[in-house]
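Trainee: For reference, the structure I am asking about is given below.
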Amino acid sequence: MTLLFHIGQYFMLLGEVFSKPERRIVYWRRTVEEMELLGVKSLGIVALLSLFMGAVIAIQTKTNIDSPLIPAYVVGFTVRQSTILEFSPTIISLILAGKVGSTIAAEIGSMRVREQIDALDIMGVNSAGYLILPKIIATAVINPFLIIISMFLSILGGYLAGVLTGIISSTNYIAGVQWDFDPYIVTYALIKTVVFAVIIATVSAYQGYYTRGGTREVGISSTRAVVYSDVVILVANYLLTQLLLL
Amino acid sequence: MIEVRGLYKSFGKVEVLHNINATFKKGKVNQVIGKSGSGKSVLAKCIVGLLPPDKGEVLYNGESFQGMSKERRKELRQEIGMLFQGSALFDSLTVLENVMFPLRMFATMTVPQMRERADFCLKRVNITGQDRKYPAELSGGMQKRVGIARAIAMQPKYLFVDEPNSGLDPQTSIVIDNLIREITGEFNTTTLVITHDMNSLMGIADEVFFIHNRQLWWQGTRESLVKSDNEELQEFIFAGSLMRQVRKALRGE
């Protein structure tokens with residue numbers, strides 16, 4: 001029953017979020033600010049993780065399938081496929097759920113316990129729309145760019161690790177990256193990314209918006225935001241894979 | 001004018017407000033008093049629509065809040081200013097941006113006009129040269145004054161003030177009380193102050209509403225307060241030693 005209550009309340013909140021904004025220009029400015037806060041400021045961690053993860057995939061692939069029967073370019077192919085299909089859209093989204101999700105829940109939760117959301121409501125501002133809609137739009141717009149950058153850097157990381165350590169030649173790696181490439185997998189990855197971005201923003205905002213209590217509860221909301229976003233992302237990942245790839 | 005008719009509010013099985021009937025007059029400072037946990041803030045939240053009453057209604061100039069459409073409620077709320085106990089200023093906005101916030105959201109003004117209005121409101125509460133500071137950089141008293149400036153930015157018809165003096169020293173409390181008094185007169189607002197500060201009560205209240213045992217136990221003017229023979233009210237008002245001495249002096253004892 002509690003789960004059903006939260007699901008119902010979550011969708012009712014979304015109804016409020018997507019109602020007509022009071023001032024579009026104010027919402028637009030907030031969206032741009034959120035893009036910087038939630039997107040651009042996540043670039044560093046995304047870049048770092050992607051470079052190293054690509055490097056590790058390349059080394060692991062070479063180490064584990066080192067056989068004369070398997071062509072060398074498989075390393076590049078494996079890095080590309082695992083990066084585009086799962087690592088960049090899913091794993092990076094899980095990481096962003098930790099960084100961005102906790103930020104969203106903490107910010108909105110703090111505003112709730114300090115009566116700032118009540119202040120918005122009393123002024124006649126649709127607090128849910130004002131606080132949450134710009135975050136949804138910002139993450140849905142900026143995350144695909146982050147994921148494209150992640151894809152590029154992960155493949156580059158694999159190249160650097162493979163070529164600089166001498167486990168694969170540059171020609172073989174690039175041939176593997178280009179081999180049997182189906183552009184649809186990028187579309188699939190970007191669809192997943194947008195869905196995951198909306199999940200991160202809405203689940204985390206829901207946790208923050210309904211925070212009750214004080215600073216301790218804000219912390220609990222923040223943790224819940226990350227855990228629930230991760231769980232929902234994993235379930236959504238399974239469903240989207242079934243829907244889009246099979 | 002705000003009227004409350006037959007208002008009930010419970011949280012689970014705990015009844016907090018029982019059949020509250022009250023009229024808060026325009027141009028007057030209406031103070032709601034009562035012990036901590038007596039339901040004063042719940043009453044205020046029911047009146048402004050932050051909490052739905054279980055039964056009863058709230059009328060703004062004769063128009064039932066409960067019967068209003070969502071759009072009408074939004075319009076009405078633009079006529080309400082509220083100062084919260086903790087000021088509830090937006091942390092990530094500067095003082096000036098806080099005061100300009102309701103104007104940006106609703107007023108049909110140019111940015112220079114908004115700025116002018118915000119400057120006027122800040123000057124009115126004696127805040128100057130603090131425009132670019134963030135709320136965390138201000139003292140509690142200054143935060144309250146900025147909160148009042150934000151509350152009056154839209155020239156409200158109704159002003160709600162929740163515990164304006166909590167956490168403030170006596171001198172700053174008097175400054176805040178006087179501001180509430182003056183603004184009520186200047187803007188002719190229906191002002192409702194939730195408090196348990198007796199100095200504030202004796203200083204600025206026009207009408208007093210005493211909430212006790214979930215009910216509106218007593219109501220009357222500040223002058224009639226001291227003369228009242230309501231036992232619970234007397235116990236509450238004269239609980240402090242200073243107030244007991246005031247009572248002795250008033251009675252010529």
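For the structure tokens, the naming scheme is as follows: chains receive sequential letters (A, B, ...) according to their order of presentation, residues are indexed from 1 within each chain, and ligands are indexed from 1 in presentation order.
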For a quick test of understanding: name the residues of chain A lying within 10 Å of chain B when counting only C-alpha atoms, and present them as a compact mmCIF listing (two decimals) with N, CA and C atoms, in the first residue's frame.

Mentor:
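Output file out.txt follows:
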# COMPACT_ATOMS: atom_id res chain seq x y z
N PRO A 21 3.53 27.25 -16.59
CA PRO A 21 4.42 28.10 -15.78
C PRO A 21 3.86 29.52 -15.65
N GLU A 22 4.18 30.18 -14.51
CA GLU A 22 3.70 31.55 -14.30
C GLU A 22 4.42 32.51 -15.25
N ARG A 23 5.73 32.39 -15.31
CA ARG A 23 6.56 33.25 -16.17
C ARG A 23 7.57 32.38 -16.90
N ARG A 24 7.37 32.23 -18.21
CA ARG A 24 8.27 31.35 -18.97
C ARG A 24 9.72 31.80 -18.90
N ILE A 25 9.92 33.11 -18.93
CA ILE A 25 11.30 33.63 -18.95
C ILE A 25 12.04 33.25 -17.65
N VAL A 26 11.32 33.29 -16.53
CA VAL A 26 11.94 32.93 -15.24
C VAL A 26 12.31 31.44 -15.26
N TYR A 27 11.41 30.61 -15.77
CA TYR A 27 11.67 29.17 -15.86
C TYR A 27 12.86 28.90 -16.79
N SER A 110 16.00 20.85 1.70
CA SER A 110 16.37 21.97 2.58
C SER A 110 15.35 23.10 2.45
N MET A 111 14.93 23.35 1.23
CA MET A 111 13.93 24.41 1.03
C MET A 111 12.62 24.05 1.72
N ARG A 112 12.29 22.77 1.71
CA ARG A 112 11.05 22.33 2.37
C ARG A 112 11.13 22.54 3.89
N VAL A 113 12.22 22.08 4.50
CA VAL A 113 12.28 22.17 5.96
C VAL A 113 12.51 23.60 6.44
N ARG A 114 13.00 24.46 5.57
CA ARG A 114 13.18 25.87 5.96
C ARG A 114 11.99 26.72 5.53
N GLU A 115 10.91 26.09 5.17
CA GLU A 115 9.64 26.75 4.82
C GLU A 115 9.72 27.59 3.55
N GLN A 116 10.80 27.43 2.77
CA GLN A 116 10.90 28.23 1.55
C GLN A 116 9.89 27.78 0.50
N ILE A 117 9.55 26.48 0.52
CA ILE A 117 8.54 26.00 -0.43
C ILE A 117 7.16 26.53 -0.02
N ASP A 118 6.90 26.59 1.31
CA ASP A 118 5.65 27.19 1.77
C ASP A 118 5.58 28.65 1.31
N ALA A 119 6.72 29.34 1.40
CA ALA A 119 6.76 30.75 0.98
C ALA A 119 6.39 30.87 -0.49
N LEU A 120 6.91 29.97 -1.32
CA LEU A 120 6.56 30.00 -2.75
C LEU A 120 5.07 29.77 -2.94
N ASP A 121 4.53 28.76 -2.23
CA ASP A 121 3.11 28.43 -2.37
C ASP A 121 2.24 29.61 -1.96
N ILE A 122 2.61 30.27 -0.86
CA ILE A 122 1.79 31.39 -0.39
C ILE A 122 1.82 32.56 -1.36
N MET A 123 2.96 32.73 -2.04
CA MET A 123 3.04 33.81 -3.04
C MET A 123 2.17 33.50 -4.26
N GLY A 124 1.75 32.24 -4.37
CA GLY A 124 0.95 31.86 -5.54
C GLY A 124 1.79 31.22 -6.63
N VAL A 125 3.06 30.94 -6.30
CA VAL A 125 3.94 30.29 -7.27
C VAL A 125 3.69 28.78 -7.20
N ASN A 126 3.63 28.13 -8.37
CA ASN A 126 3.52 26.67 -8.40
C ASN A 126 4.90 26.13 -8.02

Trainee: Show which residues sit within 7 Å of region 29-44 of chain B, as an MDAnalysis selection string. Count only C-alpha atoms, and ignore same-chain residues fewer than 6 positions away.

Mentor: chainID B and resid 16:17 181 184 191:196 204:214

Trainee: Quick one: write out the picked residues with N, CA and C atoms as a PDB file, in the first residue's frame?

Mentor:
ATOM      1  N   VAL B  16      -6.528  19.161  16.639  1.00  0.00           N
ATOM      2  CA  VAL B  16      -5.722  20.336  16.977  1.00  0.00           C
ATOM      3  C   VAL B  16      -6.600  21.579  17.084  1.00  0.00           C
ATOM      4  N   LEU B  17      -7.564  21.704  16.198  1.00  0.00           N
ATOM      5  CA  LEU B  17      -8.460  22.860  16.233  1.00  0.00           C
ATOM      6  C   LEU B  17      -9.899  22.373  16.231  1.00  0.00           C
ATOM      7  N   ARG B 181       3.200  47.110  12.840  1.00  0.00           N
ATOM      8  CA  ARG B 181       2.161  48.091  13.200  1.00  0.00           C
ATOM      9  C   ARG B 181       2.036  49.158  12.106  1.00  0.00           C
ATOM     10  N   THR B 184       0.786  47.852   8.671  1.00  0.00           N
ATOM     11  CA  THR B 184      -0.659  47.579   8.715  1.00  0.00           C
ATOM     12  C   THR B 184      -1.445  48.866   8.501  1.00  0.00           C
ATOM     13  N   THR B 191      -3.949  42.207   9.097  1.00  0.00           N
ATOM     14  CA  THR B 191      -2.712  41.588   9.592  1.00  0.00           C
ATOM     15  C   THR B 191      -3.014  40.570  10.686  1.00  0.00           C
ATOM     16  N   LEU B 192      -2.439  39.403  10.514  1.00  0.00           N
ATOM     17  CA  LEU B 192      -2.619  38.344  11.513  1.00  0.00           C
ATOM     18  C   LEU B 192      -1.246  37.929  12.026  1.00  0.00           C
ATOM     19  N   VAL B 193      -1.031  38.137  13.303  1.00  0.00           N
ATOM     20  CA  VAL B 193       0.275  37.829  13.893  1.00  0.00           C
ATOM     21  C   VAL B 193       0.121  36.655  14.859  1.00  0.00           C
ATOM     22  N   ILE B 194       0.921  35.627  14.646  1.00  0.00           N
ATOM     23  CA  ILE B 194       0.945  34.489  15.563  1.00  0.00           C
ATOM     24  C   ILE B 194       2.084  34.747  16.539  1.00  0.00           C
ATOM     25  N   THR B 195       1.795  34.750  17.798  1.00  0.00           N
ATOM     26  CA  THR B 195       2.870  35.051  18.749  1.00  0.00           C
ATOM     27  C   THR B 195       2.590  34.477  20.138  1.00  0.00           C
ATOM     28  N   HIS B 196       3.643  34.355  20.931  1.00  0.00           N
ATOM     29  CA  HIS B 196       3.418  34.202  22.363  1.00  0.00           C
ATOM     30  C   HIS B 196       4.331  35.173  23.124  1.00  0.00           C
ATOM     31  N   ILE B 204       1.460  46.113  20.197  1.00  0.00           N
ATOM     32  CA  ILE B 204       0.873  46.427  18.878  1.00  0.00           C
ATOM     33  C   ILE B 204      -0.491  45.791  18.597  1.00  0.00           C
ATOM     34  N   ALA B 205      -0.961  44.893  19.468  1.00  0.00           N
ATOM     35  CA  ALA B 205      -2.209  44.183  19.133  1.00  0.00           C
ATOM     36  C   ALA B 205      -3.421  45.110  19.185  1.00  0.00           C
ATOM     37  N   ASP B 206      -4.265  44.999  18.163  1.00  0.00           N
ATOM     38  CA  ASP B 206      -5.566  45.670  18.221  1.00  0.00           C
ATOM     39  C   ASP B 206      -6.605  44.681  18.736  1.00  0.00           C
ATOM     40  N   GLU B 207      -6.573  43.496  18.146  1.00  0.00           N
ATOM     41  CA  GLU B 207      -7.504  42.441  18.534  1.00  0.00           C
ATOM     42  C   GLU B 207      -6.689  41.219  18.958  1.00  0.00           C
ATOM     43  N   VAL B 208      -7.149  40.553  19.988  1.00  0.00           N
ATOM     44  CA  VAL B 208      -6.412  39.385  20.487  1.00  0.00           C
ATOM     45  C   VAL B 208      -7.322  38.153  20.442  1.00  0.00           C
ATOM     46  N   PHE B 209      -6.740  37.050  19.969  1.00  0.00           N
ATOM     47  CA  PHE B 209      -7.467  35.777  19.890  1.00  0.00           C
ATOM     48  C   PHE B 209      -6.653  34.737  20.647  1.00  0.00           C
ATOM     49  N   PHE B 210      -7.224  34.195  21.702  1.00  0.00           N
ATOM     50  CA  PHE B 210      -6.499  33.256  22.559  1.00  0.00           C
ATOM     51  C   PHE B 210      -6.974  31.826  22.262  1.00  0.00           C
ATOM     52  N   ILE B 211      -6.038  31.023  21.765  1.00  0.00           N
ATOM     53  CA  ILE B 211      -6.352  29.624  21.456  1.00  0.00           C
ATOM     54  C   ILE B 211      -5.946  28.778  22.656  1.00  0.00           C
ATOM     55  N   HIS B 212      -6.888  28.035  23.162  1.00  0.00           N
ATOM     56  CA  HIS B 212      -6.597  27.177  24.309  1.00  0.00           C
ATOM     57  C   HIS B 212      -7.469  25.933  24.219  1.00  0.00           C
ATOM     58  N   ASN B 213      -6.879  24.805  24.580  1.00  0.00           N
ATOM     59  CA  ASN B 213      -7.641  23.554  24.571  1.00  0.00           C
ATOM     60  C   ASN B 213      -8.351  23.332  23.225  1.00  0.00           C
ATOM     61  N   ARG B 214      -7.647  23.621  22.126  1.00  0.00           N
ATOM     62  CA  ARG B 214      -8.101  23.410  20.747  1.00  0.00           C
ATOM     63  C   ARG B 214      -9.158  24.420  20.275  1.00  0.00           C
TER      64      ARG B 214
END

Trainee: Rounded to one decimal place, report the CA of Asn178 (chain B)-CA of Ile148 (chain B) distance in Å.

Mentor: 11.9 Å

Trainee: I need the alpha helix (DSSP H) residues of region 151-220 of chain A per DSSP on the backbone, written as a VMD selection string.

Mentor: chain A and resid 151 to 164 170 to 178 184 to 209 215 to 220

Trainee: Write out as a PyMOL selection string which residues come within 12 Å of Val235 (chain A) when counting only C-alpha atoms, dropping same-chain ones fewer than 4 positions away.

Mentor: chain A and resi 90+192+195-196+199+228-231+239-242

Trainee: Hey, can you spit out that residue selection with C-alpha atoms as a compact mmCIF listing (two decimals), in the first residue's frame?

Mentor:
# COMPACT_ATOMS: atom_id res chain seq x y z
CA THR A 90 23.70 3.21 -17.83
CA LYS A 192 18.03 5.45 -22.53
CA VAL A 195 14.76 8.38 -19.85
CA PHE A 196 17.36 7.93 -17.10
CA ILE A 199 14.14 9.40 -13.70
CA TYR A 228 15.56 4.77 -5.57
CA SER A 229 16.88 6.48 -8.70
CA ASP A 230 19.40 3.67 -9.13
CA VAL A 231 16.76 0.98 -8.66
CA LEU A 239 12.62 -2.78 -19.97
CA LEU A 240 14.15 -0.42 -22.54
CA THR A 241 16.63 -3.06 -23.64
CA GLN A 242 13.76 -5.49 -24.18

Trainee: Show me, as an MDAnalysis selection string, the residues that have an atom within 12 Å of Leu51 (chain A) when counting only C-alpha atoms, minus same-chain residues fewer than 4 positions from it.

Mentor: chainID A and resid 44:47 55:58 79 83 87:88 92 149:161

Trainee: Please list as a list in words every residue within 10 Å of Pro144 (chain A), counting only C-alpha atoms and excluding residues in the same chain fewer than 3 positions away.

Mentor: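 The neighbour list is Gly39, Ser88, Pro89, Thr139, Ala140, Val141, Ile147, Ile148, Ile149, Ser150, Ala189, Leu190, Ile191, Lys192, Thr193, Val194 and Ala197 of chain A.
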
Trainee: Create the file for the chosen residues now, containing C-alpha atoms and written as an mmCIF file, in the first residue's frame.

Mentor:
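Listed below is the output, selection-v2.cif:
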data_model
loop_
_atom_site.group_PDB
_atom_site.id
_atom_site.type_symbol
_atom_site.label_atom_id
_atom_site.label_comp_id
_atom_site.auth_asym_id
_atom_site.auth_seq_id
_atom_site.Cartn_x
_atom_site.Cartn_y
_atom_site.Cartn_z
ATOM 1 C CA GLY A 39 25.293 19.167 -16.256
ATOM 2 C CA SER A 88 28.098 5.348 -20.963
ATOM 3 C CA PRO A 89 24.287 5.477 -20.837
ATOM 4 C CA THR A 139 19.054 16.993 -17.163
ATOM 5 C CA ALA A 140 17.104 15.681 -20.165
ATOM 6 C CA VAL A 141 18.890 18.161 -22.461
ATOM 7 C CA ILE A 147 26.954 10.701 -22.484
ATOM 8 C CA ILE A 148 28.233 11.438 -26.016
ATOM 9 C CA ILE A 149 31.360 12.961 -24.465
ATOM 10 C CA SER A 150 31.632 9.909 -22.216
ATOM 11 C CA ALA A 189 21.871 4.752 -25.898
ATOM 12 C CA LEU A 190 20.589 8.298 -26.193
ATOM 13 C CA ILE A 191 16.953 7.245 -25.702
ATOM 14 C CA LYS A 192 18.029 5.445 -22.533
ATOM 15 C CA THR A 193 19.998 8.477 -21.413
ATOM 16 C CA VAL A 194 17.015 10.827 -21.715
ATOM 17 C CA ALA A 197 17.839 11.705 -16.838
#

Trainee: With only C-alpha atoms as the basis for distance, which of A:Ala72, A:Ile220, A:Leu37, A:Met53 is at the shortest distance from Val177 (chain A)?

Mentor: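 Ranked by minimum distance to Val177 (chain A), first place goes to A:Ala72.
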
Trainee: Work out how far CA of Val17 (chain A) is from CA of Gly12 (chain B), in Å to one decimal.

Mentor: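 Distance between the two atoms: 28.1 Å.
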